[in-house]
Structure formats: C-alpha cells, structure tokens
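Peer 1: mmCIF, C-alpha atoms, saved as input-v3.cif, coming up:
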data_my_file
loop_
_atom_site.label_atom_id
_atom_site.label_comp_id
_atom_site.auth_asym_id
_atom_site.auth_seq_id
_atom_site.Cartn_x
_atom_site.Cartn_y
_atom_site.Cartn_z
CA MET D 1 -29.42 -9.22 21.94
CA GLU D 2 -26.73 -11.65 20.84
CA GLU D 3 -28.10 -11.66 17.28
CA SER D 4 -27.99 -7.83 17.13
CA LYS D 5 -24.40 -7.81 18.33
CA SER D 6 -23.40 -10.41 15.73
CA LEU D 7 -24.93 -8.36 12.91
CA GLU D 8 -23.17 -5.20 14.06
CA ASP D 9 -19.84 -7.07 14.16
CA GLU D 10 -20.22 -8.20 10.55
CA VAL D 11 -22.00 -5.40 8.68
CA ARG D 12 -22.02 -1.74 9.66
CA ILE D 13 -24.90 0.32 8.28
CA LYS D 14 -24.08 3.93 9.09
CA HIS D 15 -23.15 7.19 7.38
CA SER D 16 -20.18 7.81 9.63
CA LEU D 17 -16.57 6.83 10.09
CA ASN D 18 -15.82 3.66 11.96
CA LYS D 19 -14.18 3.95 15.37
CA LYS D 20 -10.65 3.10 14.21
CA GLU D 21 -10.77 5.67 11.43
CA GLU D 22 -12.10 8.30 13.83
CA GLU D 23 -9.12 7.63 16.09
CA PHE D 24 -6.77 7.88 13.13
CA VAL D 25 -8.24 11.23 12.03
CA VAL D 26 -7.76 12.74 15.50
CA LYS D 27 -4.07 11.76 15.57
CA ARG D 28 -3.45 12.72 11.96
CA ARG D 29 -5.04 16.16 12.37
CA GLU D 30 -2.48 16.90 15.08
CA ALA D 31 0.35 15.98 12.67
CA VAL D 32 -1.23 18.13 9.93
CA PHE D 33 -1.55 21.03 12.39
CA GLN D 34 2.18 20.85 13.19
CA SER D 35 3.06 20.70 9.48
CA LEU D 36 0.95 23.75 8.69
CA GLN D 37 2.72 25.69 11.44
CA LYS D 38 6.09 24.86 9.86
CA LEU D 39 4.79 26.23 6.56
CA LYS D 40 3.69 29.41 8.38
CA ILE D 41 0.05 28.60 7.69
CA HIS D 42 -1.40 29.39 11.08
CA CYS D 43 -4.75 28.13 12.24
CA SER D 44 -6.42 26.78 15.35
CA GLN D 45 -6.50 23.02 15.81
CA ASP D 46 -10.24 22.88 15.19
CA ALA D 47 -9.74 24.71 11.87
CA VAL D 48 -7.28 22.20 10.42
CA PRO D 49 -8.44 21.45 6.86
CA HIS D 50 -9.03 17.90 5.67
CA ILE D 51 -6.76 17.54 2.65
CA ALA D 52 -7.04 14.50 0.39
CA LEU D 53 -4.78 13.65 -2.53
CA LEU D 54 -6.28 11.55 -5.32
CA GLY D 55 -4.29 9.87 -8.07
CA SER D 56 -5.80 9.09 -11.45
CA GLY D 57 -5.76 5.85 -13.39
CA GLY D 58 -3.47 4.95 -16.24
CA GLY D 59 -1.48 1.80 -15.59
CA GLN D 60 2.23 2.07 -14.91
CA ARG D 61 2.17 5.71 -16.04
CA ALA D 62 -0.11 6.57 -13.13
CA MET D 63 1.91 4.44 -10.71
CA VAL D 64 5.24 6.12 -11.49
CA ALA D 65 3.81 9.64 -11.76
CA PHE D 66 1.95 9.32 -8.45
CA LEU D 67 5.10 8.16 -6.71
CA GLU D 68 7.13 11.12 -7.95
CA THR D 69 4.29 13.49 -7.07
CA LEU D 70 4.46 12.29 -3.48
CA VAL D 71 8.25 12.71 -3.42
CA GLU D 72 7.99 16.32 -4.59
CA LEU D 73 5.21 17.06 -2.11
CA ASP D 74 7.48 15.71 0.61
CA LYS D 75 10.31 17.99 -0.51
CA ALA D 76 7.93 20.94 -0.34
CA GLY D 77 6.83 20.03 3.18
CA LEU D 78 3.29 19.35 1.97
CA LEU D 79 3.04 15.57 2.28
CA ASP D 80 2.50 15.74 6.04
CA CYS D 81 -0.44 18.09 5.43
CA ILE D 82 -2.41 15.29 3.77
CA LEU D 83 -5.03 13.38 5.73
CA TYR D 84 -6.16 10.92 3.07
CA LEU D 85 -4.37 9.43 0.09
CA SER D 86 -6.58 7.76 -2.48
CA GLY D 87 -6.54 6.64 -6.08
CA VAL D 88 -7.85 4.35 -8.77
CA SER D 89 -6.21 1.93 -11.17
CA GLY D 90 -2.45 2.54 -11.57
CA SER D 91 -2.28 4.97 -8.66
CA THR D 92 -3.38 2.16 -6.35
CA TRP D 93 -0.39 0.13 -7.55
CA CYS D 94 1.80 2.88 -6.17
CA MET D 95 -0.19 2.90 -2.93
CA ALA D 96 0.17 -0.88 -2.58
CA SER D 97 3.95 -0.57 -2.93
CA LEU D 98 4.02 2.14 -0.25
CA ASP D 99 1.83 -0.01 1.99
CA GLN D 100 4.62 -2.58 2.26
CA GLU D 101 6.86 -0.10 4.09
CA PRO D 102 6.04 0.85 7.72
CA ASP D 103 5.77 4.65 8.07
CA TRP D 104 6.79 5.06 4.43
CA SER D 105 6.31 8.84 4.44
CA THR D 106 9.22 9.26 6.89
CA LYS D 107 11.69 7.66 4.47
CA LEU D 108 10.12 8.27 1.08
CA LYS D 109 13.37 8.74 -0.86
CA ILE D 110 14.58 5.29 0.23
CA VAL D 111 11.18 3.74 -0.48
CA LYS D 112 11.04 5.38 -3.91
CA ASP D 113 14.47 4.04 -4.89
CA LYS D 114 13.43 0.56 -3.81
CA ILE D 115 10.24 0.68 -5.87
CA ILE D 116 11.97 2.06 -8.98
CA LYS D 117 14.69 -0.59 -8.72
CA ARG D 118 11.99 -3.25 -8.73
CA LEU D 119 10.11 -1.70 -11.65
CA SER D 120 13.34 -1.53 -13.65
CA GLY D 121 14.19 -5.15 -12.85
CA PRO D 122 13.12 -8.54 -14.20
CA ARG D 123 9.55 -9.71 -14.60
CA VAL D 124 7.89 -12.26 -12.36
CA SER D 125 8.83 -15.67 -13.74
CA LEU D 126 6.20 -17.61 -15.61
CA ARG D 127 6.62 -20.49 -13.16
CA ASP D 128 5.84 -18.22 -10.20
CA ALA D 129 2.93 -16.57 -12.02
CA LEU D 130 1.29 -19.88 -12.86
CA ALA D 131 1.85 -21.16 -9.33
CA LYS D 132 0.04 -18.08 -8.02
CA LEU D 133 -2.83 -18.61 -10.44
CA LYS D 134 -3.13 -22.18 -9.23
CA LYS D 135 -3.20 -20.93 -5.63
CA TYR D 136 -6.04 -18.52 -6.41
CA TYR D 137 -7.97 -21.34 -8.05
CA TYR D 138 -7.72 -23.80 -5.16
CA GLU D 139 -7.97 -21.42 -2.19
CA ASN D 140 -11.11 -19.48 -3.17
CA ASP D 141 -14.63 -20.65 -3.93
CA ILE D 142 -15.02 -18.12 -6.73
CA PHE D 143 -12.38 -18.01 -9.46
CA SER D 144 -12.91 -15.02 -11.75
CA LEU D 145 -11.20 -13.14 -14.53
CA THR D 146 -9.81 -10.77 -11.91
CA ASP D 147 -7.64 -13.62 -10.59
CA VAL D 148 -6.32 -14.17 -14.09
CA TRP D 149 -5.83 -10.45 -14.63
CA ALA D 150 -3.91 -10.11 -11.36
CA VAL D 151 -1.43 -12.80 -12.31
CA MET D 152 -1.24 -12.10 -16.02
CA ALA D 153 -1.22 -8.28 -16.18
CA ILE D 154 -0.59 -6.70 -12.79
CA THR D 155 2.58 -8.71 -12.20
CA GLU D 156 3.81 -7.56 -15.61
CA TYR D 157 3.77 -3.96 -14.41
CA VAL D 158 4.53 -4.11 -10.69
CA LYS D 159 7.13 -6.90 -11.07
CA GLU D 160 6.13 -8.76 -7.91
CA ILE D 161 3.54 -11.02 -6.31
CA ASP D 162 2.48 -9.21 -3.15
CA GLU D 163 0.67 -11.63 -0.84
CA HIS D 164 0.32 -9.25 2.10
CA THR D 165 -3.16 -8.10 3.09
CA LEU D 166 -4.38 -4.66 4.13
CA THR D 167 -5.15 -5.81 7.65
CA ASP D 168 -1.62 -7.26 7.95
CA GLN D 169 -0.26 -3.75 7.60
CA GLN D 170 -2.90 -1.53 9.23
CA ASP D 171 -0.90 -0.92 12.43
CA GLN D 172 2.36 -0.06 10.64
CA HIS D 173 1.43 3.39 9.31
CA ASN D 174 1.02 5.65 12.31
CA LYS D 175 2.86 8.52 10.60
CA ASP D 176 1.34 8.21 7.12
CA PRO D 177 -1.84 9.49 5.46
CA LEU D 178 -4.66 6.96 5.45
CA LEU D 179 -4.69 5.04 2.16
CA ILE D 180 -8.10 4.42 0.62
CA TYR D 181 -8.30 2.20 -2.45
CA THR D 182 -11.16 3.23 -4.70
CA VAL D 183 -13.18 1.14 -7.12
CA ILE D 184 -15.97 2.46 -9.34
CA ASP D 185 -18.93 0.13 -9.68
CA VAL D 186 -19.99 0.45 -13.31
CA GLN D 187 -23.44 -1.05 -12.82
CA SER D 188 -24.27 1.26 -9.91
CA LYS D 189 -22.83 4.24 -11.76
CA GLN D 190 -25.19 3.61 -14.65
CA CYS D 191 -28.20 3.65 -12.28
CA ARG D 192 -29.18 7.16 -11.34
CA ASP D 193 -29.90 6.14 -7.76
CA GLY D 194 -27.00 3.69 -7.52
CA ASP D 195 -23.89 4.11 -5.41
CA PRO D 196 -20.86 4.05 -7.73
CA TRP D 197 -18.27 4.61 -5.01
CA PHE D 198 -16.72 1.54 -3.45
CA GLU D 199 -13.83 2.10 -1.09
CA ILE D 200 -11.40 -0.22 0.65
CA SER D 201 -9.38 0.99 3.62
CA PRO D 202 -7.29 -0.98 6.13
CA TYR D 203 -10.38 -1.01 8.35
CA GLU D 204 -13.46 -1.43 6.17
CA ALA D 205 -14.69 -2.04 2.65
CA GLY D 206 -18.02 -0.84 1.36
CA TYR D 207 -20.26 1.69 -0.35
CA SER D 208 -19.63 5.11 1.14
CA LEU D 209 -22.81 6.81 -0.07
CA THR D 210 -25.09 3.97 0.92
CA GLY D 211 -23.26 3.64 4.21
CA ALA D 212 -22.83 -0.15 4.13
CA PHE D 213 -19.51 -1.62 5.20
CA VAL D 214 -17.86 -4.87 6.23
CA LYS D 215 -14.52 -5.33 7.88
CA THR D 216 -11.76 -5.45 5.28
CA SER D 217 -10.73 -8.85 6.61
CA SER D 218 -14.22 -10.10 5.64
CA PHE D 219 -14.36 -8.52 2.19
CA GLY D 220 -14.91 -11.37 -0.26
CA SER D 221 -16.75 -13.58 2.21
CA GLN D 222 -20.39 -14.49 1.56
CA PHE D 223 -23.16 -12.64 3.42
CA ASP D 224 -26.90 -13.11 3.67
CA ASN D 225 -29.08 -10.39 5.24
CA GLY D 226 -26.05 -8.88 6.92
CA TYR D 227 -24.73 -12.13 8.36
CA LYS D 228 -21.57 -13.86 7.20
CA ILE D 229 -22.58 -17.31 6.02
CA LYS D 230 -19.26 -18.40 4.56
CA ASN D 231 -15.81 -17.11 5.36
CA GLN D 232 -13.21 -16.55 2.66
CA PRO D 233 -9.55 -15.58 3.07
CA GLU D 234 -8.89 -11.85 2.90
CA MET D 235 -7.80 -10.85 -0.59
CA ASP D 236 -4.10 -10.19 -0.95
CA MET D 237 -2.55 -7.01 -2.33
CA LEU D 238 -1.99 -8.47 -5.80
CA TYR D 239 -5.70 -9.20 -6.16
CA LEU D 240 -6.58 -5.78 -4.71
CA GLN D 241 -4.44 -4.10 -7.38
CA ALA D 242 -6.24 -6.08 -10.08
CA LEU D 243 -9.61 -5.14 -8.61
CA CYS D 244 -8.71 -1.45 -8.64
CA GLY D 245 -6.78 -1.60 -11.89
CA SER D 246 -9.44 -3.08 -14.17
CA SER D 247 -10.09 0.09 -16.17
CA PHE D 248 -8.47 -1.80 -19.05
CA ALA D 249 -11.92 -3.27 -19.61
CA ASP D 250 -13.39 0.11 -20.48
CA GLY D 251 -13.82 0.35 -24.27
CA GLU D 252 -13.73 -2.02 -27.20
CA GLU D 253 -10.03 -1.62 -27.96
CA ASN D 254 -9.15 -2.36 -24.36
CA LYS D 255 -11.28 -5.51 -24.42
CA LYS D 256 -9.39 -6.69 -27.51
CA PHE D 257 -6.14 -5.88 -25.72
CA ILE D 258 -7.17 -7.98 -22.71
CA TRP D 259 -8.13 -10.92 -24.89
CA LYS D 260 -4.83 -10.83 -26.75
CA GLN D 261 -2.88 -10.66 -23.47
CA ILE D 262 -4.76 -13.62 -22.05
CA ARG D 263 -4.30 -15.74 -25.17
CA ASP D 264 -0.58 -14.94 -25.29
CA PHE D 265 -0.22 -15.72 -21.60
CA PHE D 266 -1.84 -19.15 -21.73
CA ASN D 267 -0.29 -20.12 -25.05
CA HIS D 268 3.11 -19.27 -23.63
CA SER D 269 2.40 -21.16 -20.41
CA LEU D 270 1.56 -24.34 -22.35
CA ARG D 271 4.69 -24.12 -24.48
CA ALA D 272 6.96 -23.37 -21.54
CA ASP D 273 8.26 -26.03 -19.15
CA THR D 274 7.03 -24.20 -16.05
CA GLY D 275 6.37 -27.12 -13.72
CA MET D 276 2.92 -25.82 -12.82
CA PHE D 277 1.16 -28.71 -14.54
CA GLU D 278 3.49 -31.44 -13.26
CA GLU D 279 1.01 -32.58 -10.57
CA ILE D 280 -1.78 -32.67 -13.13
CA LYS D 281 0.32 -34.79 -15.48
CA LYS D 282 1.11 -37.27 -12.69
CA ASP D 283 -2.49 -37.62 -11.49
CA SER D 284 -4.35 -40.11 -13.68
CA ASN D 285 -7.68 -38.80 -12.41
CA CYS D 286 -7.04 -35.29 -13.71
CA PRO D 287 -8.01 -34.19 -17.21
CA PRO D 288 -5.26 -33.50 -19.79
CA VAL D 289 -3.23 -30.31 -19.38
CA ASP D 290 -4.61 -28.76 -22.57
CA LYS D 291 -8.13 -29.37 -21.20
CA CYS D 292 -7.24 -27.47 -17.99
CA SER D 293 -5.84 -24.62 -20.01
CA GLN D 294 -8.98 -24.52 -22.15
CA VAL D 295 -11.11 -24.11 -19.01
CA LEU D 296 -9.15 -20.97 -18.18
CA MET D 297 -9.46 -19.73 -21.75
CA ASP D 298 -13.23 -20.35 -21.68
CA LEU D 299 -13.47 -18.44 -18.43
CA ALA D 300 -11.71 -15.46 -19.96
CA ASP D 301 -13.81 -15.71 -23.13
CA MET D 302 -17.03 -15.81 -21.09
CA ASN D 303 -16.09 -12.73 -19.08
CA LEU D 304 -15.04 -10.75 -22.12
CA SER D 305 -18.20 -11.74 -23.98
CA VAL D 306 -20.13 -10.37 -21.04
CA LEU D 307 -18.28 -7.09 -21.38
CA ASN D 308 -19.39 -6.97 -24.99
CA GLY D 309 -23.00 -7.13 -23.81
CA ILE D 310 -23.82 -10.75 -24.64
CA ASP D 311 -24.99 -11.67 -21.12
CA PRO D 312 -25.14 -8.73 -18.71
CA ARG D 313 -26.50 -10.89 -15.87
CA ALA D 314 -23.19 -12.73 -15.62
CA LEU D 315 -21.06 -9.60 -15.43
CA ASP D 316 -17.89 -10.25 -13.46
CA GLU D 317 -18.33 -7.86 -10.53
CA SER D 318 -14.58 -7.27 -10.39
CA PHE D 319 -14.63 -5.07 -13.48
CA ARG D 320 -14.97 -1.37 -12.87
CA LYS D 321 -14.02 1.82 -14.64
CA THR D 322 -12.67 5.11 -13.42
CA LEU D 323 -14.11 8.60 -13.63
CA ASN D 324 -12.48 11.79 -14.78
CA VAL D 325 -13.03 15.05 -12.93
CA ARG D 326 -15.95 16.15 -15.13
CA GLU D 327 -17.73 12.84 -14.66
CA THR D 328 -17.14 13.24 -10.94
CA THR D 329 -18.96 16.58 -11.06
CA ASP D 330 -21.96 14.99 -12.78
CA THR D 331 -22.01 12.06 -10.36
CA CYS D 332 -21.88 14.38 -7.34
CA LYS D 333 -24.79 16.40 -8.71
CA LYS D 334 -26.89 13.26 -9.06
CA GLN D 335 -26.02 12.22 -5.53
CA ASN D 336 -26.42 15.72 -4.04
CA ILE D 337 -22.79 15.79 -2.91
CA PRO D 338 -21.20 19.26 -2.65
CA PHE D 339 -18.69 19.64 -5.48
CA PRO D 340 -17.59 22.72 -7.43
CA GLU D 341 -18.35 23.28 -11.10
CA VAL D 342 -15.49 22.16 -13.34
CA ASN D 343 -14.98 24.54 -16.22
CA ILE D 344 -12.02 24.00 -18.51
CA PRO D 345 -12.13 26.04 -21.73
CA ASN D 346 -12.63 23.87 -24.80
CA VAL D 347 -9.38 25.15 -26.32
CA GLU D 348 -7.52 23.75 -23.31
CA VAL D 349 -9.09 20.30 -23.18
CA GLN D 350 -6.38 18.68 -25.30
CA LYS D 351 -3.58 20.96 -24.14
CA GLN D 352 -4.24 21.69 -20.52
CA LYS D 353 -2.39 24.02 -18.19
CA ASP D 354 -0.54 22.59 -15.23
CA PHE D 355 -2.76 23.98 -12.46
CA TYR D 356 -6.52 24.47 -12.16
CA VAL D 357 -8.51 25.47 -9.08
CA PHE D 358 -12.27 24.93 -8.81
CA LYS D 359 -14.32 26.44 -6.00
CA GLY D 360 -17.98 26.64 -5.09
CA GLN D 361 -20.26 27.71 -2.30
CA ASN D 362 -20.30 25.13 0.52
CA ALA D 363 -18.14 22.86 -1.63
CA PRO D 364 -14.58 21.64 -1.25
CA THR D 365 -11.76 23.35 -3.13
CA VAL D 366 -10.60 21.04 -5.91
CA ILE D 367 -7.17 21.38 -7.50
CA LEU D 368 -6.53 19.60 -10.80
CA ILE D 369 -2.99 18.95 -11.99
CA SER D 370 -2.78 17.21 -15.36
CA LEU D 371 0.26 15.01 -15.85
CA PHE D 372 1.03 16.05 -19.41
CA ASN D 373 0.43 19.76 -19.86
CA VAL D 374 1.71 22.70 -21.88
CA VAL D 375 3.97 23.90 -19.06
CA SER D 376 5.87 20.67 -18.39
CA CYS D 377 5.68 19.27 -21.94
CA GLY D 378 5.52 22.39 -24.14
CA GLU D 379 4.07 21.63 -27.56
CA GLU D 380 4.79 17.90 -27.19
CA VAL D 381 1.76 17.05 -25.02
CA GLU D 382 0.32 14.59 -27.53
CA THR D 383 3.74 13.00 -28.06
CA TRP D 384 4.06 12.34 -24.34
CA ARG D 385 0.55 10.90 -24.17
CA ASN D 386 1.24 8.52 -27.03
CA LYS D 387 4.57 7.46 -25.56
CA TYR D 388 3.00 6.65 -22.19
CA CYS D 389 -0.39 5.27 -23.20
CA THR D 390 -2.25 3.07 -20.73
CA ARG D 391 -1.70 -0.15 -22.69
CA GLN D 392 2.04 0.47 -22.99
CA SER D 393 4.08 -2.50 -21.77
CA SER D 394 6.28 -2.06 -18.70
CA TYR D 395 8.66 0.89 -18.98
CA SER D 396 12.41 0.89 -19.38
CA ALA D 397 14.56 2.60 -16.74
CA GLU D 398 14.99 5.57 -19.09
CA MET D 399 11.24 5.95 -19.62
CA ILE D 400 10.65 5.83 -15.87
CA THR D 401 13.26 8.56 -15.29
CA ASP D 402 11.75 10.82 -17.97
CA LEU D 403 8.23 10.34 -16.63
CA MET D 404 9.29 11.13 -13.07
CA GLU D 405 10.92 14.35 -14.26
CA VAL D 406 7.67 15.55 -15.85
CA ALA D 407 5.54 14.53 -12.86
CA GLY D 408 7.97 16.20 -10.48
CA LYS D 409 7.84 19.49 -12.36
CA ASN D 410 4.09 19.67 -11.92
CA ILE D 411 4.58 19.94 -8.17
CA SER D 412 7.85 21.88 -7.99
CA ASN D 413 6.49 24.51 -10.39
CA ASN D 414 3.34 24.93 -8.31
CA ARG D 415 4.39 24.43 -4.71
CA GLU D 416 3.73 28.08 -3.82
CA LYS D 417 0.30 27.97 -5.45
CA LEU D 418 -0.53 24.87 -3.44
CA LYS D 419 0.45 26.60 -0.21
CA GLU D 420 -1.64 29.64 -1.17
CA GLU D 421 -4.72 27.50 -1.77
CA ILE D 422 -4.27 25.68 1.54
CA HIS D 423 -3.95 29.05 3.26
CA ALA D 424 -7.11 30.26 1.51
CA VAL D 425 -9.05 27.21 2.74
CA VAL D 426 -7.83 27.81 6.28
CA GLU D 427 -8.90 31.45 6.11
CA GLN D 428 -12.29 30.48 4.71
CA LYS D 429 -12.81 28.02 7.54
CA ARG D 430 -11.73 30.60 10.11
CA SER D 431 -14.13 33.16 8.63
CA LYS D 432 -17.04 30.72 8.92
CA GLN D 433 -16.17 30.04 12.54
CA MET D 434 -16.11 33.76 13.29
CA LYS D 435 -19.55 34.20 11.73
CA LEU D 436 -20.93 31.40 13.85
CA LEU D 437 -19.48 33.00 16.97
CA THR D 438 -21.00 36.35 16.00
CA VAL D 439 -24.41 34.82 15.51
#
Could you write out this structure as structure tokens?
Peer 2:
Amino acid sequence: MEESKSLEDEVRIKHSLNKKEEEFVVKRREAVFQSLQKLKIHCSQDAVPHIALLGSGGGQRAMVAFLETLVELDKAGLLDCILYLSGVSGSTWCMASLDQEPDWSTKLKIVKDKIIKRLSGPRVSLRDALAKLKKYYYENDIFSLTDVWAVMAITEYVKEIDEHTLTDQQDQHNKDPLLIYTVIDVQSKQCRDGDPWFEISPYEAGYSLTGAFVKTSSFGSQFDNGYKIKNQPEMDMLYLQALCGSSFADGEENKKFIWKQIRDFFNHSLRADTGMFEEIKKDSNCPPVDKCSQVLMDLADMNLSVLNGIDPRALDESFRKTLNVRETTDTCKKQNIPFPEVNIPNVEVQKQKDFYVFKGQNAPTVILISLFNVVSCGEEVETWRNKYCTRQSSYSAEMITDLMEVAGKNISNNREKLKEEIHAVVEQKRSKQMKLLTV
C-alpha cells in the first residue's frame, strides 16, 4: 500500500487534469463567464468556452510581439476570456517575464513597460554570465548544451538571469490565465506513434498524449520505473527558457549560427578579465584555464555534431523544434486529435492576410493571426521578415517600438472579429446542449 502511494506521489499516469489544475479551471471559468457578460456575449456557466492563446516561436521577435498582443487583448476586454496561455520558443520568454509579476494581467501596462525597459537596457555582464554557467556546472549532475545555451544566448535576448522556479510562483497568479510552456520532442515527433507534445505547467511536467506526468518540482530528477531514485534541484526560469527556445537548432544554418555564437562566447570569456576562473587559477590541483574552456568547447562540439547526424544515440534531449499550424494539423491526424483542416491558398502563403478562421466538425475553432501580413505591413511583408529574422541580435528600442505597433494592429484591427468568433463558439455549444436535452 505504501509503495503504491509513493509511486502515485512521484509519477501520475492518467489522461486527465491533476487536482490543482482542475481547481484552477473551475475558478478561472467563473472569471471568463463574468468577462463574457461584460462583452455582451451571454451564455450559461456550463457553456463557457475554453479559450487558449498560443504564441509562436521566433526569438525576441516572438517575445515582443506576444507581449503587445496580450496588451491589445487586454484593451479589448478579451484577455480575461482566456483560460490557457501557451507558447513555444520566444513566446515562452514573454511568459517567463510575466510569471515574475503576481497577477500580471491586472496591471499589464505597468508590467509591459518594465519588460520593455529591461529589453532596451544593458546586457547581462560577462562576469555574471560565466558565474551562472559555473553554477549550472557544479549544482547539477548533468551539464548539457542547454545550460550553455541558456547563459550564452537566452541572456543576450531577455537581458536577465532569472533564477526563480515555476513552483516558486504558482500561488501568485490567481487572476491570470494558466501558463503552459510547450516543448516539442523531435525524436517522438519523428515516430508515428510517438508523443511529440511535452508541456510544463506550474503543477506538472510531462507528455500530454501519453498521460505521464511528474511534479514540476521533480522535473529533471532521475526516475526508474516510476520511482524517483535521485533528486535534482528544480530547473530555474532561465534554463526553462533555453529548453523551450532551442528551435535555433532546427536547420543547418541555425546549427552554424549556434556554433559561431558559442565560439565567440568562450573566446571572449578567455580574453576578458571576468574573475570566473580566479578560483581555478589559485587551485594547484585544477587543470589550466584554457583546458577548462576546451572542455566546454568540446561539449558544444559534441552536441552540435550529434545534431548533424554523427551520433544520434547521444542526442541532447534538450533540443526540440517547433511546429507551424499545418504541421500541427498533420500531427493531430496521426494522433487522432480533433483539429480542423488548415487551408491557406498557395498565393497567400508568402503574403498572408491578418485573420484566418478554421473550423471542423467536432473540432475546436482555430484562429490564425500572422505577425507580418498584407494588412499590417502592406507590400513590405518580406522586408519586415528580413528585418526581424529569428537570428537577429537583440533589438534596439526603436525596433521594439516598431514591432509592437505591427503586433498591436493585428489585434486592434480584428477585435470585433474575435468577439464574433467567440460568440459563434458559445452559440454552437448552446445548440449542442439543446440537442442533448431534446434527445
């Protein structure tokens, strides 16, 4: 009996929400119900739709655009209609920044200004970055390229070292949507029967389709047959952002970009008088500083060689890649998950409109809003894409302002359409309930 209880405490094998999330959903549905009433979208409490907002990947571009999207949704009275907020890659960087602020959705303008001020400010110092890398190395049993990527790249964009954890902050967001950080497991995605969806919430981390979860505080610890055999500290928010933001590894050019960034980082660290290696220099039992640096370089080289297909067995499990909406459709078909057909005319693939709606029988309504589109950018869509490419270094204050203006237009231009679609979903749900009552 005691053994069964211990297993249940560590690993949950079930296709259902955990108790804490169930409690959150009940409370949040009440808030959504009240918000819908204010928008004159009337429904019964049991017909409240579950609305999720998902942000795409794309580095700092995605981070800034997602933030401004939320601000405009708040202005339109729509933010409080959202039950779940999720994203991949750069969108999770935005989510992590929001996570620092208790009940951030109640003071979003203030929170936004604080985030933008940080993004427009100075970089994390090299001394602090190397000290953090050293901390990762000594405090965890497994030191991977994701640790290096967190310190070397994520800090470059988010301009901070966030050492909070998700469980630190889980009780501070009673008035916010539930944030779910999403990672795509490349290896599982490539297997037809694999589960590509890995999600991390303040409560649990695990594979949603398989239905296997551990407490978020235990994510990263070692398990054997469902039992925790070795505890590890909960990953901090900087590492989480690196885990979710590793789409840079997708494609040959991105791999070259990573390698160049890593070489530049370590070469700079050796030339600079950062103080990180002072203890190593003083300890006669330690190898020379250049030897220590070479170990890190070899680690990076090994991981990137793996990505090039030299040794797939050693693949660093931290590397994932994101899906676009069409790939999502294909994945859902393979997994028998209800999802509407996504049909965008070929002539619009490169120059998309600003608002698409996809519907299907017994499937959720999916709304797609492309960041750079012919409505907000006119004929300069490609120019905007090139200016804000994923591998672009951190943005200037002017670039951030321009990007926020475009992202904001996508919501302000379509706020009435969004309300209409929410109303349509409510009516559809009400109609189904009436049919059931009739039967």
Peer 1: Could you pull the residues within 6 Å of range 335-350 of chain D, counting only C-alpha atoms, minus those fewer than 5 positions along the same chain, as number ranges by chain?
Peer 2: D: 358-360, 363
Peer 1: Store the residues of this selection in a file with C-alpha atoms, as a PDB file, keeping the file's coordinate frame.
Peer 2:
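The resulting file, part_6.pdb, is reproduced below:
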ATOM      1  CA  PHE D 358     -12.270  24.930  -8.810  1.00  0.00           C
ATOM      2  CA  LYS D 359     -14.320  26.440  -6.000  1.00  0.00           C
ATOM      3  CA  GLY D 360     -17.980  26.640  -5.090  1.00  0.00           C
ATOM      4  CA  ALA D 363     -18.140  22.860  -1.630  1.00  0.00           C
TER       5      ALA D 363
END
Peer 1: Restricting the calculation to all atoms listed in the file: of D:Asp99, D:Glu199, D:Asp185, D:Asp354, which residue gets closest to Asp168 in chain D?
Peer 2: D:Asp99
Peer 1: One number please: CA of Phe372 in chain D to CA of Arg385 in chain D, in Å, one decimal.
Peer 2: 7.0 Å
Peer 1: Would you write out, as a list of chain:residue names, every residue that the PyMOL selection byres ((chain D and resi 101) around 12) captures in this file?
Peer 2: D:Cys94, D:Met95, D:Ala96, D:Ser97, D:Leu98, D:Asp99, D:Gln100, D:Pro102, D:Asp103, D:Trp104, D:Ser105, D:Thr106, D:Lys107, D:Leu108, D:Ile110, D:Val111, D:Lys112, D:Lys114, D:Ile115, D:His164, D:Asp168, D:Gln169, D:Gln170, D:Asp171, D:Gln172, D:His173, D:Asn174, D:Lys175, D:Asp176
Peer 1: Could you give me, as a ChimeraX atom specification, the residues within 9 Å of Ser16 in chain D, counting all atoms listed in the file and dropping anything in the same chain fewer than 2 positions from it?
Peer 2: /D:13-14,18,208,211
Peer 1: In Å to one decimal, how far is CA of Ser217 in chain D from CA of Leu85 in chain D?
Peer 2: 20.4 Å
Peer 1: In Å, with one decimal, what is the gap from CA of Glu327 in chain D to CA of Arg61 in chain D?
Peer 2: 21.2 Å
Peer 1: So which residues get picked by the PyMOL selection byres ((chain D and resi 218-233) around 10) here, written as a ChimeraX atom specification?
Peer 2: /D:3,6-13,139-142,165,200,204-206,212-217,234-236
Peer 1: Need to verify the contact set: Leu371 in chain D, 12 Å, only C-alpha atoms, exclusion of same-chain residues closer than 5 positions in sequence. Can you return it as JSON, numbers by chain?
Peer 2: {"D": [55, 56, 57, 58, 61, 62, 63, 64, 65, 66, 68, 69, 351, 352, 353, 354, 355, 376, 377, 381, 382, 384, 385, 388, 403, 404, 405, 406, 407, 408, 409, 410, 411]}
Peer 1: Find the residue from D:Pro122, D:Asn373, D:Gly87, D:Ile367 that sits nearest to Lys417 in chain D; use only C-alpha atoms when measuring.
Peer 2: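 Once distances to Lys417 in chain D are computed over only C-alpha atoms, the minimum belongs to D:Ile367.
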